[in-house]
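Accompanying notes for the structure given below.
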There are 2 protein chains.
Amino acid sequence: MNLRIPGPTPCPPEVLEAVGRQMINHRGPEFAEMLARVDKGVKHVYQTKNDVALLTSGGTGAMEALVVNTLSPGDHVLAVSIGAFGDRLASIAETYGADVVRMKLDWGKGADAAEIDKALAADSKFKAVLVTHNETSTGVCNDLESIAKAVRKHGDILLLVDAVSSLSSVPLPVDKWDLDAVASGCQKGWMVPPGITMVSMSARAWKAYEQSKMPRFYFDVGRARDFAKRGQTPWTPAVSIFYGLDVALGILLKEGLESIYARHERCASLARNGAKSLGLQLFADQRYASNTVTAVKVPEGVDGKELTKVLREEYDTVLGGGQQHLAGKIFRIGHLGYVQEADIEAVTEAVGKALPRLGFSPSRAAAS
Amino acid sequence: MNLRIPGPTPCPPEVLEAVGRQMINHRGPEFAEMLARVDKGVKHVYQTKNDVALLTSGGTGAMEALVVNTLSPGDHVLAVSIGAFGDRLASIAETYGADVVRMKLDWGKGADAAEIDKALAADSKFKAVLVTHNETSTGVCNDLESIAKAVRKHGDILLLVDAVSSLSSVPLPVDKWDLDAVASGCQKGWMVPPGITMVSMSARAWKAYEQSKMPRFYFDVGRARDFAKRGQTPWTPAVSIFYGLDVALGILLKEGLESIYARHERCASLARNGAKSLGLQLFADQRYASNTVTAVKVPEGVDGKELTKVLREEYDTVLGGGQQHLAGKIFRIGHLGYVQEADIEAVTEAVGKALPRLGFSPSRAAAS
């Protein structure tokens, strides 16, 4: 099966072999050694000297951790949303009582750093900016470096980043860009089955943590930091997924960050060019095209849900559908993690074969 | 390695094989089919017709879910604590703003249903009782049936139960005992690596859910219920652990609940009698002796931490230590999940060999 959804991504065989290992004592020396290695590797990929909490949860848990560890009820925050996951981050902040101002862009667009700068300049009460780095629902990757620069102009406003589907696949130097809390998840570019998420915390974020009054227990990153010092997690961790992450980090570090980024760029180009070669249109503003997921418009007259079904059942190719109002209107190709050019060429080939069966002639469209 | 801590427990090879399988689309038909099977199996083990939410977290996440899905800040609740996990459940409720009255027993003792009855009779404002079924830190299993009867005498007070280390190993008929929300975790008697937890919700609990005002997002069981109807989880689940749980449920259902309970009883008896045969004393009030974990007092003059270290390093036997003020004073034998009599006999033998090296003569003590 060619599984090309934007996570969970396929995993290398060595990772799966590790995931299937027998249990150990999560409060014993073997786990402590593994945790130290994983912590070091994760920090390398994050390009940070900050603490990085390792949590047992799905990506949404890490997003919740961003919020509850740094904010207090009533805090005035700017939530920049360019899609489903940006909306989710804003909803989490609202759920916990933050006073959320939403900067909501049309799906497919990227956030404009100048607009964020302007919003912060117009209202000095903002305590934090919440932003999605890579919006999985639309295939848009925000220009986080520019956004970070804009936020930093306004002093100690916190910059809280959902980088679940970008970190480890595209450049994201956490310390260089001075990002305060950054969430990722191991089922994306990290090439590991889902179950572990990460949240980095800058000195500014820790200061906010000390003052933060939102309730937190399971997702308390301070407990994670304290337990990590003695080689443990505060609560029973997903040991199998740690095994996998340990091995995956070895593979990632061996390949090297620059090579990984270049490979993702090549696969993304192939996905975009492949779709265009079939006469299809890309959904996202291409100035912000994501290197981990590409959203392609379903051509008029074609049933998008039928397309992904035919691809799955007849061509062994699993793609993502559209979320919410885009259901049936786009399909999404995940090209992150354990992916090579051939995997994406196979996707283009499969889509090219499936479309005519649903009433769309790729060659005719490409020629027109 | 004879891993005999009270979770994570060792897993059967078929479970580990399943855990190591390649990823699938968590929003596709294969996952939906598996989720339906797992849901059915989990409800069978819970002996319930209630909804059971399946969450990706450690056991503490399920404990948090018990609280945040049923209570509101300011709610007056009785938290019965007989050890570290009872304290934790009370702390979670306090963290989220409940007005917690603690009924705190000495570690090693079991809760008295009559005392709970009396406390509820003396104060009509209680909205919920929080209780640990099986206290992993002390090896005490509360008489939950009697406690449930006592609570039910007081009308619609919610009974929220941490059954993380008991459910699937000892009798716990959720519907028969009319329990409102019951948490468990797959790394215990379920024989699966950690990563998935369960929370059942009675009709009374769902009514409380509708009125509950504690903030919740990741652990929102209503979202889990709604997504389960379409064969999904709201957030990316630990797919590998679902694979394992699916296979483990097949093994559990084949053995049958009564046989599983009887096996745990036999292993527990062996653990207790084995310790006594070495001249050691059991920590817990034996009227409430747990069938999943046995706490044994470290004999005077012996360094408890050294004992677990020697057992691990020289006898390939991994036991739990004491928690908090019991560190070094007790050791704990886990006998739950994938366990047979021979595993526990091997523990007794190893402890019997290790003790003389630390200055304690088992035979002499047993004879005295």
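Residue names in the structure tokens use chain letters A, B, ... in the order shown, residue numbers from 1 in each chain, and ligand numbers from 1 in the order shown.
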
Show me, as a PDB file with N, CA and C atoms, in the first residue's frame, every residue of chain B with an atom at most 6 Å from chain A, counting only C-alpha atoms.
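Contents of the output file out_17.pdb:
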ATOM      1  N   PRO B  10       4.481  -7.479  30.746  1.00  0.00           N
ATOM      2  CA  PRO B  10       4.952  -8.093  29.504  1.00  0.00           C
ATOM      3  C   PRO B  10       3.754  -8.338  28.581  1.00  0.00           C
ATOM      4  N   LEU B  16       2.790  -8.281  20.432  1.00  0.00           N
ATOM      5  CA  LEU B  16       3.945  -7.494  19.990  1.00  0.00           C
ATOM      6  C   LEU B  16       4.073  -7.521  18.468  1.00  0.00           C
ATOM      7  N   GLU B  17       3.767  -8.673  17.884  1.00  0.00           N
ATOM      8  CA  GLU B  17       3.823  -8.785  16.423  1.00  0.00           C
ATOM      9  C   GLU B  17       2.856  -7.778  15.812  1.00  0.00           C
ATOM     10  N   VAL B  19       1.699  -5.020  17.219  1.00  0.00           N
ATOM     11  CA  VAL B  19       2.133  -3.649  17.529  1.00  0.00           C
ATOM     12  C   VAL B  19       3.160  -3.163  16.494  1.00  0.00           C
ATOM     13  N   GLY B  20       3.936  -4.101  15.950  1.00  0.00           N
ATOM     14  CA  GLY B  20       4.975  -3.735  14.989  1.00  0.00           C
ATOM     15  C   GLY B  20       4.497  -3.609  13.546  1.00  0.00           C
ATOM     16  N   MET B  23       1.794   1.300   9.336  1.00  0.00           N
ATOM     17  CA  MET B  23       0.689   2.240   9.535  1.00  0.00           C
ATOM     18  C   MET B  23      -0.417   2.082   8.483  1.00  0.00           C
ATOM     19  N   THR B  56      -5.859   8.187  23.594  1.00  0.00           N
ATOM     20  CA  THR B  56      -4.426   7.941  23.461  1.00  0.00           C
ATOM     21  C   THR B  56      -3.712   8.718  24.568  1.00  0.00           C
ATOM     22  N   SER B  57      -3.307   7.993  25.614  1.00  0.00           N
ATOM     23  CA  SER B  57      -2.652   8.631  26.764  1.00  0.00           C
ATOM     24  C   SER B  57      -2.140   7.564  27.712  1.00  0.00           C
ATOM     25  N   GLY B  58      -1.443   7.993  28.749  1.00  0.00           N
ATOM     26  CA  GLY B  58      -1.157   7.126  29.880  1.00  0.00           C
ATOM     27  C   GLY B  58      -2.366   7.119  30.808  1.00  0.00           C
ATOM     28  N   GLY B  61      -4.009  10.258  32.140  1.00  0.00           N
ATOM     29  CA  GLY B  61      -4.903  10.963  31.215  1.00  0.00           C
ATOM     30  C   GLY B  61      -6.341  10.497  31.389  1.00  0.00           C
ATOM     31  N   THR B  95      -6.941  20.548  40.915  1.00  0.00           N
ATOM     32  CA  THR B  95      -6.316  21.340  39.859  1.00  0.00           C
ATOM     33  C   THR B  95      -7.377  21.988  38.966  1.00  0.00           C
ATOM     34  N   TYR B  96      -8.441  21.244  38.699  1.00  0.00           N
ATOM     35  CA  TYR B  96      -9.500  21.765  37.832  1.00  0.00           C
ATOM     36  C   TYR B  96     -10.594  22.499  38.609  1.00  0.00           C
ATOM     37  N   PRO B 194       1.777   0.369  26.789  1.00  0.00           N
ATOM     38  CA  PRO B 194       1.015   1.567  27.158  1.00  0.00           C
ATOM     39  C   PRO B 194       0.734   2.493  25.971  1.00  0.00           C
ATOM     40  N   GLY B 195      -0.348   3.240  26.060  1.00  0.00           N
ATOM     41  CA  GLY B 195      -0.682   4.216  25.015  1.00  0.00           C
ATOM     42  C   GLY B 195      -2.168   4.422  24.831  1.00  0.00           C
ATOM     43  N   PRO B 215     -12.915  22.896  31.847  1.00  0.00           N
ATOM     44  CA  PRO B 215     -12.438  22.942  30.464  1.00  0.00           C
ATOM     45  C   PRO B 215     -11.882  21.592  30.041  1.00  0.00           C
ATOM     46  N   TYR B 218      -8.667  17.828  24.585  1.00  0.00           N
ATOM     47  CA  TYR B 218      -8.075  16.548  24.179  1.00  0.00           C
ATOM     48  C   TYR B 218      -8.803  15.376  24.832  1.00  0.00           C
ATOM     49  N   THR B 236      -5.507  11.967  16.222  1.00  0.00           N
ATOM     50  CA  THR B 236      -4.735  10.823  15.730  1.00  0.00           C
ATOM     51  C   THR B 236      -4.454   9.840  16.868  1.00  0.00           C
ATOM     52  N   ALA B 238      -2.981   6.257  18.777  1.00  0.00           N
ATOM     53  CA  ALA B 238      -1.781   5.412  18.759  1.00  0.00           C
ATOM     54  C   ALA B 238      -2.150   4.134  18.010  1.00  0.00           C
TER      55      ALA B 238
END

Closest atom pairs, range 227-294 of chain B residues within 12 Å of range 111-116 of chain B, only C-alpha atoms, as JSON lines:
{"residue": "B:Asp285", "atom": "CA", "partner": "B:Ala111", "partner_atom": "CA", "distance": 10.7}
{"residue": "B:Arg287", "atom": "CA", "partner": "B:Ala111", "partner_atom": "CA", "distance": 10.9}
{"residue": "B:Tyr288", "atom": "CA", "partner": "B:Ala111", "partner_atom": "CA", "distance": 9.0}

Kindly give the distance, in Å, that separates CA of Asp226 in chain B and CA of Ala53 in chain B, rounded to a single decimal.
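CA of Ala53 in chain B lies at a distance of 10.0 Å from CA of Asp226 in chain B.
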
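Those residues that approach Leu358 in chain B to within 10 Å, counting only C-alpha atoms, are Gly301, Val302, Asp303, Gly304, Glu306, Leu307 and Val310 of chain B; same-chain residues fewer than 6 positions away are not listed.
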
Write to file, as a short mmCIF file (atom, residue, chain, number, x, y, z; two decimals), in the first residue's frame, the residues of the selection just made, with N, CA and C atoms.
data_model
loop_
_atom_site.label_atom_id
_atom_site.label_comp_id
_atom_site.auth_asym_id
_atom_site.auth_seq_id
_atom_site.Cartn_x
_atom_site.Cartn_y
_atom_site.Cartn_z
N GLY B 301 17.05 -3.92 58.19
CA GLY B 301 18.47 -4.13 57.93
C GLY B 301 18.80 -4.29 56.46
N VAL B 302 17.78 -4.49 55.64
CA VAL B 302 18.03 -4.65 54.20
C VAL B 302 17.73 -3.33 53.49
N ASP B 303 18.58 -2.98 52.55
CA ASP B 303 18.38 -1.78 51.74
C ASP B 303 17.45 -2.14 50.57
N GLY B 304 16.23 -1.62 50.60
CA GLY B 304 15.21 -2.00 49.60
C GLY B 304 15.60 -1.64 48.18
N GLU B 306 18.65 -1.46 47.07
CA GLU B 306 19.71 -2.41 46.70
C GLU B 306 19.09 -3.75 46.31
N LEU B 307 18.05 -4.13 47.03
CA LEU B 307 17.38 -5.41 46.75
C LEU B 307 16.81 -5.43 45.33
N VAL B 310 19.78 -5.62 42.87
CA VAL B 310 20.39 -6.96 42.78
C VAL B 310 19.48 -7.91 42.01
#

Which distance in Å separates CA of Ala163 in chain A and CA of Glu341 in chain A, to one decimal?
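Those two atoms sit 23.5 Å apart.
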
When DSSP works through the backbone of this structure, what residues of range 179-292 of chain A end up as strand (DSSP E or B), shown as a ChimeraX atom specification?
/A:181-185,196-201,282,289

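The residue that comes closest to Arg263 in chain A, out of A:Met103, A:Arg230, A:Val170, A:Thr132 and on the basis of only C-alpha atoms, is A:Val170.
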
In Å, rounded to a single decimal, give me how far CA of Gly83 in chain B is from CA of Asp156 in chain B.
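Answer for the CA of Asp156 in chain B to CA of Gly83 in chain B separation: 26.4 Å.
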
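Proximity of B:Ser81, B:Ser124, B:Ser259, B:Ser200 to Cys141 in chain B, computed with only C-alpha atoms, is greatest for B:Ser81.
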
When you look at Ala275 in chain B with a cut-off of 10 Å (counting only C-alpha atoms), what residues show up, excluding the ones that are within fewer than 6 positions of it in the same chain? I need them as a PDB file with N, CA and C atoms, in the first residue's frame.
ATOM      1  N   SER B 269      -2.115 -15.395  45.053  1.00  0.00           N
ATOM      2  CA  SER B 269      -1.898 -16.276  46.217  1.00  0.00           C
ATOM      3  C   SER B 269      -0.460 -16.746  46.264  1.00  0.00           C
ATOM      4  N   GLN B 281       6.991 -10.032  55.449  1.00  0.00           N
ATOM      5  CA  GLN B 281       5.650  -9.578  55.812  1.00  0.00           C
ATOM      6  C   GLN B 281       5.003  -8.816  54.662  1.00  0.00           C
ATOM      7  N   LEU B 282       3.710  -9.012  54.527  1.00  0.00           N
ATOM      8  CA  LEU B 282       2.972  -8.289  53.487  1.00  0.00           C
ATOM      9  C   LEU B 282       2.599  -6.908  54.013  1.00  0.00           C
ATOM     10  N   THR B 294       1.217  -7.144  44.679  1.00  0.00           N
ATOM     11  CA  THR B 294       1.477  -7.445  46.086  1.00  0.00           C
ATOM     12  C   THR B 294       2.651  -6.600  46.572  1.00  0.00           C
ATOM     13  N   ALA B 295       2.416  -5.886  47.666  1.00  0.00           N
ATOM     14  CA  ALA B 295       3.491  -5.089  48.276  1.00  0.00           C
ATOM     15  C   ALA B 295       4.058  -5.869  49.454  1.00  0.00           C
ATOM     16  N   VAL B 296       5.368  -6.012  49.463  1.00  0.00           N
ATOM     17  CA  VAL B 296       6.051  -6.795  50.496  1.00  0.00           C
ATOM     18  C   VAL B 296       6.990  -5.873  51.260  1.00  0.00           C
ATOM     19  N   LYS B 297       6.969  -5.993  52.589  1.00  0.00           N
ATOM     20  CA  LYS B 297       7.858  -5.152  53.400  1.00  0.00           C
ATOM     21  C   LYS B 297       9.303  -5.616  53.239  1.00  0.00           C
ATOM     22  N   VAL B 347       9.782 -15.464  40.738  1.00  0.00           N
ATOM     23  CA  VAL B 347      10.033 -14.254  41.534  1.00  0.00           C
ATOM     24  C   VAL B 347      10.397 -14.641  42.966  1.00  0.00           C
ATOM     25  N   THR B 348       9.599 -15.527  43.552  1.00  0.00           N
ATOM     26  CA  THR B 348       9.868 -15.957  44.932  1.00  0.00           C
ATOM     27  C   THR B 348      11.265 -16.563  45.039  1.00  0.00           C
ATOM     28  N   GLU B 349      11.594 -17.371  44.055  1.00  0.00           N
ATOM     29  CA  GLU B 349      12.903 -18.020  44.065  1.00  0.00           C
ATOM     30  C   GLU B 349      14.022 -16.976  43.988  1.00  0.00           C
ATOM     31  N   VAL B 351      13.907 -13.765  44.803  1.00  0.00           N
ATOM     32  CA  VAL B 351      13.961 -12.970  46.037  1.00  0.00           C
ATOM     33  C   VAL B 351      14.636 -13.791  47.145  1.00  0.00           C
ATOM     34  N   GLY B 352      14.295 -15.068  47.183  1.00  0.00           N
ATOM     35  CA  GLY B 352      14.904 -15.958  48.183  1.00  0.00           C
ATOM     36  C   GLY B 352      16.407 -16.074  48.034  1.00  0.00           C
ATOM     37  N   PRO B 362      16.388 -15.841  54.654  1.00  0.00           N
ATOM     38  CA  PRO B 362      14.984 -16.220  54.508  1.00  0.00           C
ATOM     39  C   PRO B 362      14.609 -17.450  55.313  1.00  0.00           C
ATOM     40  N   ALA B 366      11.881 -17.686  58.258  1.00  0.00           N
ATOM     41  CA  ALA B 366      10.671 -18.473  58.051  1.00  0.00           C
ATOM     42  C   ALA B 366      10.505 -19.490  59.176  1.00  0.00           C
TER      43      ALA B 366
END

So which residues touch Gly222 in chain B within 9 Å, counting only C-alpha atoms, skipping near sequence neighbours fewer than 5 positions away, as a list in words?
Ala53, Asn69, Trp206, Tyr209 and Phe227 of chain B

Fewer than 4 positions away in the same chain doesn't count, so skip those; otherwise give me all residues within 9 Å of Thr292 in chain A, counting only C-alpha atoms, as a ChimeraX atom specification.
/A:6,134,136,139,141,165-166,169-170,188-189,264-265,267-268,333-337
